[in-house]
Amino acid sequence: MTKVDAEPYEFEFTLAKTALVMIDWQRDFVYPGGFGESLGNDTSKLLKAMGPAQKVLQQCRAAGMFVVHTREGHRADLTDLPRAKRERGNAPLRIGDMGSMGRLLVRGEYGHGIVDELAPIDGEPVIDKPGKGMFYATDSDTVLRMRGIEKLIFTGVTTEVCVQTSVREANDRGYDALVLEDCVGSYFPEFQEAALAMIKAQGGIFGWVSDSTRFLAALGTPGVMAAASR
Ligand code: TIU
């Protein structure tokens, strides 16, 4: 059992029953010219979480942890796009419209893809989701349960939208969630803070919060860890 220093108290996990979840690290959110910017956001605000998330991804891979990635997006014909999601707001460009990285939030477009730094490798499922949460209208629960996964460690964007929605969905499905605060990014610093506070309040009503430094210290040097578990 590995113990991570976290709030509201230590998060315990065993490697074989834990997955690293990389939420929506897509160009559409992180770079100018995509969906995030079309909503009026400053995409540069998300970049600082990418370095720590990359370090966590590399170390989890080295340790042999199961890794899953998600992408928010829609079919090219937009038949899975609710009217409300397309029409709400007054964005100049909407989902399905052409931006500088291709059609916004449409599967297969360059902007819909995951950034090179965090790109999935063989053996890491990529879950395409039409909504904000990773469980709604996806096979996330099946993929995780087939592997016996009980605990989820989250990085991704944005903290209070797709990460928090996924954490809440995971909580209702019986998973324990740990969010690494320097590995999740928001366009709004005040929402980042509030979202993390909500997750760990009331004795961990939705889960735990820690950071990459404390998590990686607990994970240890992968070689040592693998030897210890033999
Ligand atoms: N707008 C915003 O903050 N986020 C999203 O629309 N999707 C995700 O968080 N992935």
# chains A, B, ... in the order shown; residues from 1 in each chain; ligands from 1

$ select_by_dssp --residues "segment 56-213 of chain A" --states "alpha helix (DSSP H)" --output "PyMOL selection string"
chain A and resi 56-63+83-87+140-146+164-172+189-204+212-213

$ residues_around --residues "Trp208 of chain A" --least-positions-apart "3" --cutoff "6 Å" --atoms "only C-alpha atoms" --output "short mmCIF file (atom, residue, chain, number, x, y, z; two decimals) with N, CA and C atoms, in the first residue's frame"
data_model
loop_
_atom_site.label_atom_id
_atom_site.label_comp_id
_atom_site.auth_asym_id
_atom_site.auth_seq_id
_atom_site.Cartn_x
_atom_site.Cartn_y
_atom_site.Cartn_z
N GLU A 7 -4.74 16.12 1.34
CA GLU A 7 -5.84 16.64 2.16
C GLU A 7 -7.12 15.98 1.67
N LEU A 178 -8.07 11.11 -6.39
CA LEU A 178 -7.03 12.03 -5.89
C LEU A 178 -6.72 13.01 -7.01
N LYS A 200 -12.13 18.41 -1.38
CA LYS A 200 -11.56 17.87 -0.14
C LYS A 200 -12.32 18.29 1.11
N GLY A 204 -13.47 15.01 2.71
CA GLY A 204 -13.21 14.43 1.39
C GLY A 204 -14.52 14.00 0.73
#

$ residues_around --residues "Arg168 of chain A" --least-positions-apart "2" --cutoff "12 Å" --atoms "only C-alpha atoms" --output "PyMOL selection string"
chain A and resi 132-136+152+154+159-166+170-179+195-196+198-200+204-208

$ write_last_selection --atoms "C-alpha atoms" --output "PDB file, in the first residue's frame"
ATOM      1  CA  LYS A 132     -17.769  17.269 -19.537  1.00  0.00           C
ATOM      2  CA  GLY A 133     -17.709  14.146 -17.354  1.00  0.00           C
ATOM      3  CA  MET A 134     -15.630  11.089 -18.310  1.00  0.00           C
ATOM      4  CA  PHE A 135     -18.431   8.620 -17.496  1.00  0.00           C
ATOM      5  CA  TYR A 136     -21.405  10.167 -19.315  1.00  0.00           C
ATOM      6  CA  LEU A 152      -8.176   7.319  -9.815  1.00  0.00           C
ATOM      7  CA  PHE A 154      -6.420  13.014 -11.889  1.00  0.00           C
ATOM      8  CA  THR A 159     -10.165  21.970 -13.059  1.00  0.00           C
ATOM      9  CA  GLU A 160     -13.703  23.113 -12.335  1.00  0.00           C
ATOM     10  CA  VAL A 161     -15.258  21.872 -15.574  1.00  0.00           C
ATOM     11  CA  CYS A 162     -14.139  18.492 -16.953  1.00  0.00           C
ATOM     12  CA  VAL A 163     -11.889  17.457 -14.073  1.00  0.00           C
ATOM     13  CA  GLN A 164     -14.377  18.258 -11.336  1.00  0.00           C
ATOM     14  CA  THR A 165     -17.325  16.804 -13.261  1.00  0.00           C
ATOM     15  CA  SER A 166     -15.349  13.585 -13.761  1.00  0.00           C
ATOM     16  CA  ALA A 170     -16.289   8.859 -10.252  1.00  0.00           C
ATOM     17  CA  ASN A 171     -17.342   9.422  -6.653  1.00  0.00           C
ATOM     18  CA  ASP A 172     -20.915   8.309  -7.357  1.00  0.00           C
ATOM     19  CA  ARG A 173     -19.594   5.177  -9.070  1.00  0.00           C
ATOM     20  CA  GLY A 174     -17.575   4.143  -6.030  1.00  0.00           C
ATOM     21  CA  TYR A 175     -14.074   5.202  -7.073  1.00  0.00           C
ATOM     22  CA  ASP A 176     -11.685   7.087  -4.800  1.00  0.00           C
ATOM     23  CA  ALA A 177     -10.257  10.149  -6.538  1.00  0.00           C
ATOM     24  CA  LEU A 178      -7.031  12.028  -5.895  1.00  0.00           C
ATOM     25  CA  VAL A 179      -6.539  15.344  -7.701  1.00  0.00           C
ATOM     26  CA  ALA A 195     -13.008  23.508  -7.038  1.00  0.00           C
ATOM     27  CA  LEU A 196     -10.111  21.963  -5.121  1.00  0.00           C
ATOM     28  CA  MET A 198     -14.925  21.606  -2.656  1.00  0.00           C
ATOM     29  CA  ILE A 199     -13.403  18.224  -3.446  1.00  0.00           C
ATOM     30  CA  LYS A 200     -11.556  17.874  -0.142  1.00  0.00           C
ATOM     31  CA  GLY A 204     -13.205  14.433   1.393  1.00  0.00           C
ATOM     32  CA  ILE A 205     -16.774  14.629   0.114  1.00  0.00           C
ATOM     33  CA  PHE A 206     -15.613  13.937  -3.469  1.00  0.00           C
ATOM     34  CA  GLY A 207     -12.020  12.857  -2.868  1.00  0.00           C
ATOM     35  CA  TRP A 208      -8.513  13.959  -1.980  1.00  0.00           C
TER      36      TRP A 208
END

$ residues_around --residues "Leu57 of chain A" --least-positions-apart "6" --cutoff "9 Å" --atoms "only C-alpha atoms" --output "list in words"
Leu20, Met22, Val67 and Leu118 of chain A

$ write_last_selection --atoms "all heavy atoms" --output "short mmCIF file (atom, residue, chain, number, x, y, z; two decimals), in the first residue's frame"
data_model
loop_
_atom_site.label_atom_id
_atom_site.label_comp_id
_atom_site.auth_asym_id
_atom_site.auth_seq_id
_atom_site.Cartn_x
_atom_site.Cartn_y
_atom_site.Cartn_z
N LEU A 20 -4.06 6.34 -13.58
CA LEU A 20 -3.82 7.76 -13.80
C LEU A 20 -4.77 8.20 -14.90
O LEU A 20 -4.81 7.60 -15.98
CB LEU A 20 -2.37 8.00 -14.24
CG LEU A 20 -2.04 9.46 -14.59
CD1 LEU A 20 -2.09 10.36 -13.36
CD2 LEU A 20 -0.65 9.55 -15.26
N MET A 22 -5.87 11.19 -17.39
CA MET A 22 -5.43 12.44 -18.02
C MET A 22 -6.64 13.05 -18.72
O MET A 22 -7.08 12.58 -19.78
CB MET A 22 -4.33 12.15 -19.04
CG MET A 22 -3.15 11.33 -18.51
SD MET A 22 -2.11 12.25 -17.35
CE MET A 22 -1.31 13.39 -18.46
N VAL A 67 -2.84 3.83 -17.39
CA VAL A 67 -3.07 5.23 -17.74
C VAL A 67 -4.22 5.30 -18.74
O VAL A 67 -4.25 4.55 -19.71
CB VAL A 67 -1.80 5.86 -18.38
CG1 VAL A 67 -2.06 7.31 -18.78
CG2 VAL A 67 -0.60 5.76 -17.45
N LEU A 118 2.00 15.14 -23.90
CA LEU A 118 1.24 14.20 -23.07
C LEU A 118 0.54 13.15 -23.93
O LEU A 118 -0.42 12.52 -23.50
CB LEU A 118 0.21 14.97 -22.23
CG LEU A 118 0.78 16.08 -21.35
CD1 LEU A 118 -0.32 16.91 -20.72
CD2 LEU A 118 1.67 15.51 -20.26
#

$ closest_atom_pairs --of "segment 49-81 of chain A" --to "segment 26-43 of chain A" --cutoff "12 Å" --atoms "only C-alpha atoms" --output "tab-separated table"
residue	atom	partner	partner_atom	distance
A:Ala49	CA	A:Val30	CA	10.3
A:Met50	CA	A:Val30	CA	9.3
A:His69	CA	A:Gln26	CA	10.2
A:Thr70	CA	A:Gln26	CA	9.0
A:Arg71	CA	A:Gln26	CA	6.8
A:Glu72	CA	A:Gln26	CA	8.2
A:Gly73	CA	A:Asp28	CA	9.7

$ residues_around --residues "Lys85 of chain A" --least-positions-apart "5" --cutoff "10 Å" --atoms "only C-alpha atoms" --output "mmCIF file with C-alpha atoms, in the first residue's frame"
data_model
loop_
_atom_site.group_PDB
_atom_site.id
_atom_site.type_symbol
_atom_site.label_atom_id
_atom_site.label_comp_id
_atom_site.auth_asym_id
_atom_site.auth_seq_id
_atom_site.Cartn_x
_atom_site.Cartn_y
_atom_site.Cartn_z
ATOM 1 C CA ARG A 94 -18.930 27.384 -32.012
ATOM 2 C CA ILE A 95 -18.391 23.640 -31.830
ATOM 3 C CA GLY A 131 -19.810 15.798 -22.328
#

$ closest_residue --among "A:Gly203, A:Gly51, A:Gly185, A:Pro130" --to "Val106 of chain A" --atoms "only C-alpha atoms"
A:Pro130

$ decode --residues "segment 125-144 of chain A" --atoms "N, CA, C and O atoms" --output "mmCIF file, in the first residue's frame"
data_model
loop_
_atom_site.group_PDB
_atom_site.id
_atom_site.type_symbol
_atom_site.label_atom_id
_atom_site.label_comp_id
_atom_site.auth_asym_id
_atom_site.auth_seq_id
_atom_site.Cartn_x
_atom_site.Cartn_y
_atom_site.Cartn_z
ATOM 1 N N PRO A 125 -5.689 3.467 -23.067
ATOM 2 C CA PRO A 125 -6.948 3.761 -23.749
ATOM 3 C C PRO A 125 -7.229 5.265 -23.812
ATOM 4 O O PRO A 125 -6.926 5.994 -22.867
ATOM 5 N N VAL A 126 -7.791 5.671 -24.942
ATOM 6 C CA VAL A 126 -8.245 7.059 -25.109
ATOM 7 C C VAL A 126 -9.768 7.015 -25.157
ATOM 8 O O VAL A 126 -10.340 6.314 -25.991
ATOM 9 N N ILE A 127 -10.397 7.721 -24.239
ATOM 10 C CA ILE A 127 -11.850 7.698 -24.138
ATOM 11 C C ILE A 127 -12.417 8.994 -24.690
ATOM 12 O O ILE A 127 -12.128 10.076 -24.173
ATOM 13 N N ASP A 128 -13.187 8.873 -25.756
ATOM 14 C CA ASP A 128 -13.823 10.055 -26.344
ATOM 15 C C ASP A 128 -15.155 10.283 -25.659
ATOM 16 O O ASP A 128 -15.978 9.370 -25.574
ATOM 17 N N LYS A 129 -15.328 11.499 -25.167
ATOM 18 C CA LYS A 129 -16.543 11.807 -24.412
ATOM 19 C C LYS A 129 -17.232 13.026 -25.020
ATOM 20 O O LYS A 129 -16.570 13.995 -25.383
ATOM 21 N N PRO A 130 -18.557 12.966 -25.121
ATOM 22 C CA PRO A 130 -19.291 14.098 -25.690
ATOM 23 C C PRO A 130 -19.608 15.171 -24.651
ATOM 24 O O PRO A 130 -19.999 16.281 -25.018
ATOM 25 N N GLY A 131 -19.457 14.835 -23.378
ATOM 26 C CA GLY A 131 -19.810 15.798 -22.328
ATOM 27 C C GLY A 131 -18.599 16.207 -21.526
ATOM 28 O O GLY A 131 -17.456 15.965 -21.920
ATOM 29 N N LYS A 132 -18.852 16.822 -20.399
ATOM 30 C CA LYS A 132 -17.769 17.269 -19.537
ATOM 31 C C LYS A 132 -17.242 16.113 -18.682
ATOM 32 O O LYS A 132 -16.041 16.032 -18.423
ATOM 33 N N GLY A 133 -18.124 15.253 -18.208
ATOM 34 C CA GLY A 133 -17.709 14.146 -17.354
ATOM 35 C C GLY A 133 -17.190 12.966 -18.163
ATOM 36 O O GLY A 133 -17.641 12.713 -19.285
ATOM 37 N N MET A 134 -16.236 12.209 -17.579
ATOM 38 C CA MET A 134 -15.630 11.089 -18.310
ATOM 39 C C MET A 134 -16.517 9.852 -18.352
ATOM 40 O O MET A 134 -16.229 8.916 -19.106
ATOM 41 N N PHE A 135 -17.588 9.814 -17.538
ATOM 42 C CA PHE A 135 -18.431 8.620 -17.496
ATOM 43 C C PHE A 135 -19.687 8.760 -18.348
ATOM 44 O O PHE A 135 -20.224 7.753 -18.816
ATOM 45 N N TYR A 136 -20.170 9.973 -18.564
ATOM 46 C CA TYR A 136 -21.405 10.167 -19.315
ATOM 47 C C TYR A 136 -21.222 9.754 -20.788
ATOM 48 O O TYR A 136 -20.353 10.288 -21.487
ATOM 49 N N ALA A 137 -22.029 8.782 -21.218
ATOM 50 C CA ALA A 137 -22.036 8.330 -22.616
ATOM 51 C C ALA A 137 -20.673 7.832 -23.107
ATOM 52 O O ALA A 137 -20.286 8.049 -24.260
ATOM 53 N N THR A 138 -19.933 7.180 -22.181
ATOM 54 C CA THR A 138 -18.642 6.573 -22.558
ATOM 55 C C THR A 138 -18.552 5.176 -21.942
ATOM 56 O O THR A 138 -19.392 4.794 -21.122
ATOM 57 N N ASP A 139 -17.488 4.443 -22.289
ATOM 58 C CA ASP A 139 -17.260 3.141 -21.658
ATOM 59 C C ASP A 139 -16.164 3.213 -20.582
ATOM 60 O O ASP A 139 -15.525 2.212 -20.267
ATOM 61 N N SER A 140 -15.977 4.387 -20.000
ATOM 62 C CA SER A 140 -14.945 4.544 -18.957
ATOM 63 C C SER A 140 -15.108 3.533 -17.832
ATOM 64 O O SER A 140 -14.128 2.916 -17.385
ATOM 65 N N ASP A 141 -16.332 3.374 -17.349
ATOM 66 C CA ASP A 141 -16.558 2.495 -16.204
ATOM 67 C C ASP A 141 -16.184 1.055 -16.555
ATOM 68 O O ASP A 141 -15.564 0.350 -15.757
ATOM 69 N N THR A 142 -16.538 0.623 -17.754
ATOM 70 C CA THR A 142 -16.197 -0.731 -18.216
ATOM 71 C C THR A 142 -14.681 -0.890 -18.293
ATOM 72 O O THR A 142 -14.114 -1.872 -17.782
ATOM 73 N N VAL A 143 -14.023 0.065 -18.924
ATOM 74 C CA VAL A 143 -12.563 -0.013 -19.097
ATOM 75 C C VAL A 143 -11.863 -0.103 -17.742
ATOM 76 O O VAL A 143 -10.936 -0.905 -17.549
ATOM 77 N N LEU A 144 -12.318 0.688 -16.789
ATOM 78 C CA LEU A 144 -11.678 0.696 -15.464
ATOM 79 C C LEU A 144 -12.000 -0.580 -14.695
ATOM 80 O O LEU A 144 -11.123 -1.187 -14.080
#
